[in-house]
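Data file: run_21.cif. Format and content: mmCIF, C-alpha atoms.
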data_work
loop_
_atom_site.label_atom_id
_atom_site.label_comp_id
_atom_site.auth_asym_id
_atom_site.auth_seq_id
_atom_site.Cartn_x
_atom_site.Cartn_y
_atom_site.Cartn_z
CA ALA A 29 0.00 0.00 0.00
CA GLN A 30 1.10 3.53 -0.66
CA SER A 31 0.45 6.70 1.24
CA VAL A 32 1.64 10.25 1.60
CA THR A 33 1.65 12.46 4.65
CA GLN A 34 1.63 16.20 4.37
CA LEU A 35 2.85 17.86 7.52
CA GLY A 36 0.95 21.02 8.26
CA SER A 37 -2.55 21.56 6.96
CA HIS A 38 -1.92 25.31 6.92
CA VAL A 39 1.28 27.16 6.15
CA SER A 40 1.68 30.93 6.15
CA VAL A 41 4.68 32.75 4.74
CA SER A 42 5.44 36.35 4.01
CA GLU A 43 5.60 37.55 0.45
CA GLY A 44 9.17 37.09 -0.77
CA ALA A 45 10.00 34.45 1.83
CA LEU A 46 10.88 30.82 1.24
CA VAL A 47 8.03 28.41 0.75
CA LEU A 48 8.49 24.90 2.14
CA LEU A 49 5.66 22.38 2.00
CA ARG A 50 6.43 18.97 3.42
CA CYS A 51 5.50 15.59 2.02
CA ASN A 52 6.63 12.18 3.22
CA TYR A 53 5.69 9.02 1.43
CA SER A 54 5.36 5.36 2.19
CA SER A 55 5.67 2.86 -0.63
CA SER A 56 6.61 -0.79 -0.99
CA VAL A 57 7.94 -0.17 -4.49
CA PRO A 58 9.87 2.72 -6.01
CA PRO A 59 7.38 5.55 -6.01
CA TYR A 60 6.35 8.11 -8.54
CA LEU A 61 5.56 11.36 -6.81
CA PHE A 62 3.53 14.39 -7.80
CA TRP A 63 2.66 17.82 -6.49
CA TYR A 64 -0.62 19.41 -7.53
CA VAL A 65 -1.99 22.88 -6.80
CA GLN A 66 -5.66 23.76 -6.48
CA TYR A 67 -6.82 27.35 -6.69
CA PRO A 68 -10.28 28.26 -5.38
CA ASN A 69 -13.06 26.90 -7.53
CA GLN A 70 -10.62 25.33 -9.96
CA GLY A 71 -9.35 21.86 -10.72
CA LEU A 72 -6.01 20.44 -9.65
CA GLN A 73 -3.06 21.49 -11.75
CA LEU A 74 0.17 19.51 -11.94
CA LEU A 75 3.13 21.44 -10.55
CA LEU A 76 5.79 18.81 -11.01
CA LYS A 77 6.45 15.09 -10.92
CA TYR A 78 9.25 12.72 -9.97
CA THR A 79 9.61 9.71 -12.23
CA SER A 80 12.87 8.15 -11.05
CA ALA A 81 15.11 10.35 -13.17
CA ALA A 82 16.68 13.43 -11.58
CA THR A 83 16.06 13.69 -7.86
CA LEU A 84 15.69 17.46 -8.05
CA VAL A 85 12.61 18.24 -10.07
CA LYS A 86 11.73 21.67 -11.35
CA GLY A 87 8.15 22.58 -12.00
CA ILE A 88 6.01 25.46 -13.05
CA ASN A 89 5.76 28.83 -11.33
CA GLY A 90 9.24 28.56 -9.83
CA PHE A 91 8.53 25.53 -7.67
CA GLU A 92 10.85 22.61 -7.25
CA ALA A 93 10.98 19.45 -5.18
CA GLU A 94 13.73 17.08 -4.18
CA PHE A 95 13.26 13.34 -3.86
CA LYS A 96 15.17 11.99 -0.87
CA LYS A 97 14.90 8.25 -0.58
CA SER A 98 16.76 8.08 2.73
CA GLU A 99 14.22 10.45 4.26
CA THR A 100 11.23 9.18 2.23
CA SER A 101 10.48 12.79 1.47
CA PHE A 102 9.46 14.92 -1.48
CA HIS A 103 9.22 18.43 -0.09
CA LEU A 104 8.08 21.30 -2.28
CA THR A 105 9.98 24.58 -2.21
CA LYS A 106 9.98 27.99 -3.81
CA PRO A 107 12.68 30.55 -3.01
CA SER A 108 10.43 33.59 -2.97
CA ALA A 109 6.69 33.47 -2.33
CA HIS A 110 4.31 35.48 -4.45
CA MET A 111 0.78 36.47 -3.58
CA SER A 112 -0.47 34.36 -6.46
CA ASP A 113 0.95 31.23 -4.79
CA ALA A 114 -1.87 31.23 -2.25
CA ALA A 115 -3.70 27.96 -2.87
CA GLU A 116 -4.15 24.38 -1.69
CA TYR A 117 -1.27 22.02 -2.47
CA PHE A 118 -1.54 18.25 -2.71
CA CYS A 119 1.22 15.68 -2.74
CA ALA A 120 0.40 12.37 -4.43
CA VAL A 121 2.06 9.02 -5.03
CA SER A 122 1.56 6.23 -7.53
CA ARG A 123 3.31 2.93 -8.12
CA SER A 124 4.26 3.70 -11.68
CA ASN A 125 3.99 6.35 -14.30
CA PHE A 126 2.05 4.32 -16.79
CA GLY A 127 -1.36 3.01 -17.51
CA ASN A 128 -4.19 3.48 -15.13
CA GLU A 129 -2.18 3.47 -11.95
CA LYS A 130 -4.14 5.38 -9.39
CA LEU A 131 -2.91 8.35 -7.45
CA THR A 132 -3.01 8.40 -3.67
CA PHE A 133 -3.27 11.93 -2.34
CA GLY A 134 -2.22 13.58 0.87
CA THR A 135 -4.65 15.67 2.88
CA GLY A 136 -3.40 18.90 1.39
CA THR A 137 -1.68 22.02 2.69
CA ARG A 138 -3.28 25.41 2.42
CA LEU A 139 -0.66 28.05 1.70
CA THR A 140 -1.37 31.60 2.76
CA ILE A 141 0.86 34.47 1.66
CA ILE A 142 1.15 37.40 4.02
CA PRO A 143 1.61 40.75 2.26
CA GLY B 15 -4.74 22.87 -23.57
CA ALA B 16 -5.87 19.79 -21.60
CA VAL B 17 -8.95 21.37 -20.09
CA VAL B 18 -11.50 19.31 -18.21
CA SER B 19 -14.91 20.66 -17.32
CA GLN B 20 -17.54 19.44 -14.92
CA HIS B 21 -21.23 20.19 -14.87
CA PRO B 22 -22.88 21.24 -12.72
CA SER B 23 -20.46 23.03 -10.44
CA ARG B 24 -22.94 22.93 -7.59
CA VAL B 25 -26.12 20.96 -7.04
CA ILE B 26 -28.57 20.78 -4.19
CA CYS B 27 -31.10 17.99 -4.20
CA LYS B 28 -33.61 16.31 -1.95
CA SER B 29 -32.90 13.02 -0.31
CA GLY B 30 -33.94 10.09 -2.50
CA THR B 31 -33.38 11.79 -5.82
CA SER B 32 -30.67 10.97 -8.35
CA VAL B 33 -28.05 13.41 -9.52
CA LYS B 34 -25.92 13.20 -12.66
CA ILE B 35 -22.52 14.86 -12.90
CA GLU B 36 -20.78 15.25 -16.23
CA CYS B 37 -17.05 15.30 -16.84
CA ARG B 38 -15.80 16.43 -20.23
CA SER B 39 -12.36 16.69 -21.75
CA LEU B 40 -12.70 19.79 -23.88
CA ASP B 41 -9.67 19.72 -26.12
CA PHE B 42 -8.34 16.18 -25.97
CA GLN B 43 -9.50 12.60 -26.03
CA ALA B 44 -9.46 10.65 -22.81
CA THR B 45 -9.61 6.88 -22.82
CA THR B 46 -9.52 6.90 -19.04
CA MET B 47 -11.25 9.14 -16.58
CA PHE B 48 -11.14 8.98 -12.82
CA TRP B 49 -13.74 9.97 -10.26
CA TYR B 50 -12.72 11.23 -6.84
CA ARG B 51 -14.56 12.28 -3.75
CA GLN B 52 -13.19 14.92 -1.41
CA PHE B 53 -14.45 15.50 2.12
CA PRO B 54 -13.62 18.75 3.90
CA LYS B 55 -10.05 18.84 5.08
CA GLN B 56 -9.44 15.35 3.73
CA SER B 57 -7.70 13.71 0.82
CA LEU B 58 -9.11 13.12 -2.60
CA MET B 59 -10.33 9.54 -2.47
CA LEU B 60 -10.48 7.62 -5.72
CA MET B 61 -13.94 6.17 -6.27
CA ALA B 62 -13.59 4.54 -9.65
CA THR B 63 -11.65 4.37 -12.87
CA SER B 64 -13.72 4.82 -15.99
CA ASN B 65 -12.58 3.42 -19.33
CA GLU B 66 -14.26 4.40 -22.57
CA GLY B 67 -16.50 1.67 -23.86
CA SER B 68 -16.14 -0.64 -20.88
CA LYS B 69 -17.34 -1.00 -17.33
CA ALA B 70 -15.83 1.16 -14.66
CA THR B 71 -13.49 -0.28 -12.07
CA TYR B 72 -14.61 0.64 -8.58
CA GLU B 73 -12.43 1.00 -5.52
CA GLN B 74 -13.06 -1.19 -2.53
CA GLY B 75 -15.95 0.06 -0.48
CA VAL B 76 -17.57 2.09 -3.25
CA GLU B 77 -21.08 0.90 -4.09
CA LYS B 78 -21.42 0.25 -7.80
CA ASP B 79 -25.18 0.51 -7.75
CA LYS B 80 -25.03 3.73 -5.81
CA PHE B 81 -22.52 5.51 -7.99
CA LEU B 82 -23.22 4.70 -11.62
CA ILE B 83 -20.45 5.60 -14.04
CA ASN B 84 -20.79 5.76 -17.80
CA HIS B 85 -17.96 6.57 -20.19
CA ALA B 86 -19.74 6.53 -23.52
CA SER B 87 -17.28 8.59 -25.53
CA LEU B 88 -13.67 9.66 -25.51
CA THR B 89 -14.62 13.06 -24.15
CA LEU B 90 -17.44 12.38 -21.70
CA SER B 91 -17.88 10.43 -18.50
CA THR B 92 -20.86 10.72 -16.20
CA LEU B 93 -21.31 9.91 -12.54
CA THR B 94 -24.86 9.37 -11.31
CA VAL B 95 -25.47 9.35 -7.60
CA THR B 96 -28.63 7.28 -7.24
CA SER B 97 -31.09 7.75 -4.41
CA ALA B 98 -28.88 10.35 -2.84
CA HIS B 99 -28.76 10.75 0.93
CA PRO B 100 -27.22 13.45 3.11
CA GLU B 101 -24.11 11.34 3.68
CA ASP B 102 -23.46 11.53 -0.07
CA SER B 103 -22.93 15.26 0.24
CA SER B 104 -19.38 15.91 -0.83
CA PHE B 105 -17.12 17.46 -3.44
CA TYR B 106 -16.80 15.22 -6.49
CA ILE B 107 -13.82 15.71 -8.79
CA CYS B 108 -13.06 14.01 -12.07
CA SER B 109 -9.83 13.75 -13.96
CA ALA B 110 -8.95 12.61 -17.45
CA ARG B 111 -5.87 10.92 -18.80
CA LEU B 112 -4.71 11.90 -22.27
CA ALA B 113 -5.30 9.08 -24.74
CA GLY B 114 -2.04 7.60 -25.95
CA SER B 115 -0.02 9.26 -23.23
CA SER B 116 2.80 7.23 -21.79
CA TYR B 117 2.67 9.20 -18.59
CA ASN B 118 0.08 8.90 -15.88
CA GLU B 119 -0.66 12.61 -15.92
CA GLN B 120 -4.22 13.36 -15.03
CA PHE B 121 -5.98 16.60 -15.89
CA PHE B 122 -8.54 17.55 -13.29
CA GLY B 123 -11.94 19.16 -13.53
CA PRO B 124 -13.01 21.98 -11.19
CA GLY B 125 -15.21 19.73 -9.10
CA THR B 126 -18.92 19.50 -8.30
CA ARG B 127 -20.27 20.35 -4.87
CA LEU B 128 -23.21 18.07 -4.06
CA THR B 129 -25.46 18.89 -1.15
CA VAL B 130 -28.24 16.46 -0.30
CA LEU B 131 -30.95 17.83 1.97
#
Rewrite the structure from the file as structure tokens, please.
Amino acid sequence: AQSVTQLGSHVSVSEGALVLLRCNYSSSVPPYLFWYVQYPNQGLQLLLKYTSAATLVKGINGFEAEFKKSETSFHLTKPSAHMSDAAEYFCAVSRSNFGNEKLTFGTGTRLTIIP
Amino acid sequence: GAVVSQHPSRVICKSGTSVKIECRSLDFQATTMFWYRQFPKQSLMLMATSNEGSKATYEQGVEKDKFLINHASLTLSTLTVTSAHPEDSSFYICSARLAGSSYNEQFFGPGTRLTVL
């Protein structure tokens, strides 16, 4: 079975400050990991994904995440927060990157940006 | 590109009635669509995987007769909540996988808020 744990249901950072959203995974097989963002009244949008290639993954909007097997983590970071980053962020895991493999989501982290 | 729509965005119905939710891929073909349910402050929980032209695959614990899924075309899947009850009130989200894609990237709809009175 696979699962992800997102530490912190709410995170607040000042505009211009570092954003760090935590995600730890549990998987019996090498995982494929994803970060999604959900803006109010919108669907989930893929930020980035780890597919067993480079451990440091760069995504859209200046976000990046680093896969650390020893720590079973896939934390999401952005060097400088922008007001437009305020949203709900979901970490997800799947067993593979192909076919109809299902995604298992974390409970989400709501990011608030303080002006 | 890769836009997924859902209709309606919100629905309020009386207990015992049936509600149909549509999920459409607007600018691509989707052989596979997924239906999720999201409770407040909780994860998205996969309910079923819908394949065009075949029966949906339901997750353990999801009642097939309660949540009817039809994927009649490459751009449309529907979820019908039959004989809805207040405990069915939730946020329902669909996603669609690009046909022919070698990656398991899912494009998500904006969700449908169902409230059963």
- Message: Could you tell me how far CA of Met111 in chain A sits from CA of Thr140 in chain A, in Å to one decimal place?
- Response: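 Straight-line distance from CA of Thr140 in chain A to CA of Met111 in chain A works out to 8.3 Å.
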- Residues of chain B within 8 Å of chain A, only C-alpha atoms counted, as JSON, numbers by chain: {"B": [46, 55, 56, 57, 58, 59, 60, 63, 107, 116, 117, 118, 119, 121, 122, 123, 124, 125]}
Can you tell me, as a PDB file with C-alpha atoms, keeping the file's coordinate frame, which residues sit within 10 Å of (3.2, 37.9, 2.1) in the file's frame, using only C-alpha atoms?
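Resulting contents of point_2.pdb:
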ATOM      1  CA  SER A  40       1.680  30.930   6.150  1.00  0.00           C
ATOM      2  CA  VAL A  41       4.680  32.750   4.740  1.00  0.00           C
ATOM      3  CA  SER A  42       5.440  36.350   4.010  1.00  0.00           C
ATOM      4  CA  GLU A  43       5.600  37.550   0.450  1.00  0.00           C
ATOM      5  CA  GLY A  44       9.170  37.090  -0.770  1.00  0.00           C
ATOM      6  CA  ALA A  45      10.000  34.450   1.830  1.00  0.00           C
ATOM      7  CA  SER A 108      10.430  33.590  -2.970  1.00  0.00           C
ATOM      8  CA  ALA A 109       6.690  33.470  -2.330  1.00  0.00           C
ATOM      9  CA  HIS A 110       4.310  35.480  -4.450  1.00  0.00           C
ATOM     10  CA  MET A 111       0.780  36.470  -3.580  1.00  0.00           C
ATOM     11  CA  SER A 112      -0.470  34.360  -6.460  1.00  0.00           C
ATOM     12  CA  ASP A 113       0.950  31.230  -4.790  1.00  0.00           C
ATOM     13  CA  ALA A 114      -1.870  31.230  -2.250  1.00  0.00           C
ATOM     14  CA  THR A 140      -1.370  31.600   2.760  1.00  0.00           C
ATOM     15  CA  ILE A 141       0.860  34.470   1.660  1.00  0.00           C
ATOM     16  CA  ILE A 142       1.150  37.400   4.020  1.00  0.00           C
ATOM     17  CA  PRO A 143       1.610  40.750   2.260  1.00  0.00           C
TER      18      PRO A 143
END
- Determine the residue set returned by the PyMOL selection byres ((chain A and resi 101) around 12) for the present structure, and present it as a ChimeraX atom specification. /A:31-35,49-55,59-62,78,83-84,93-100,102-104,119-121
Save the residues we just selected, C-alpha atoms, as a tab-separated table (two decimals), keeping the file's coordinate frame?
chain	number	residue	atom	x	y	z
A	31	SER	CA	0.45	6.70	1.24
A	32	VAL	CA	1.64	10.25	1.60
A	33	THR	CA	1.65	12.46	4.65
A	34	GLN	CA	1.63	16.20	4.37
A	35	LEU	CA	2.85	17.86	7.52
A	49	LEU	CA	5.66	22.38	2.00
A	50	ARG	CA	6.43	18.97	3.42
A	51	CYS	CA	5.50	15.59	2.02
A	52	ASN	CA	6.63	12.18	3.22
A	53	TYR	CA	5.69	9.02	1.43
A	54	SER	CA	5.36	5.36	2.19
A	55	SER	CA	5.67	2.86	-0.63
A	59	PRO	CA	7.38	5.55	-6.01
A	60	TYR	CA	6.35	8.11	-8.54
A	61	LEU	CA	5.56	11.36	-6.81
A	62	PHE	CA	3.53	14.39	-7.80
A	78	TYR	CA	9.25	12.72	-9.97
A	83	THR	CA	16.06	13.69	-7.86
A	84	LEU	CA	15.69	17.46	-8.05
A	93	ALA	CA	10.98	19.45	-5.18
A	94	GLU	CA	13.73	17.08	-4.18
A	95	PHE	CA	13.26	13.34	-3.86
A	96	LYS	CA	15.17	11.99	-0.87
A	97	LYS	CA	14.90	8.25	-0.58
A	98	SER	CA	16.76	8.08	2.73
A	99	GLU	CA	14.22	10.45	4.26
A	100	THR	CA	11.23	9.18	2.23
A	102	PHE	CA	9.46	14.92	-1.48
A	103	HIS	CA	9.22	18.43	-0.09
A	104	LEU	CA	8.08	21.30	-2.28
A	119	CYS	CA	1.22	15.68	-2.74
A	120	ALA	CA	0.40	12.37	-4.43
A	121	VAL	CA	2.06	9.02	-5.03
- Task: One decimal, Å: what's the distance from CA of Glu116 in chain A over to CA of Leu128 in chain B, could you say?
- Result: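 Interatomic distance, CA of Glu116 in chain A to CA of Leu128 in chain B: 20.2 Å.
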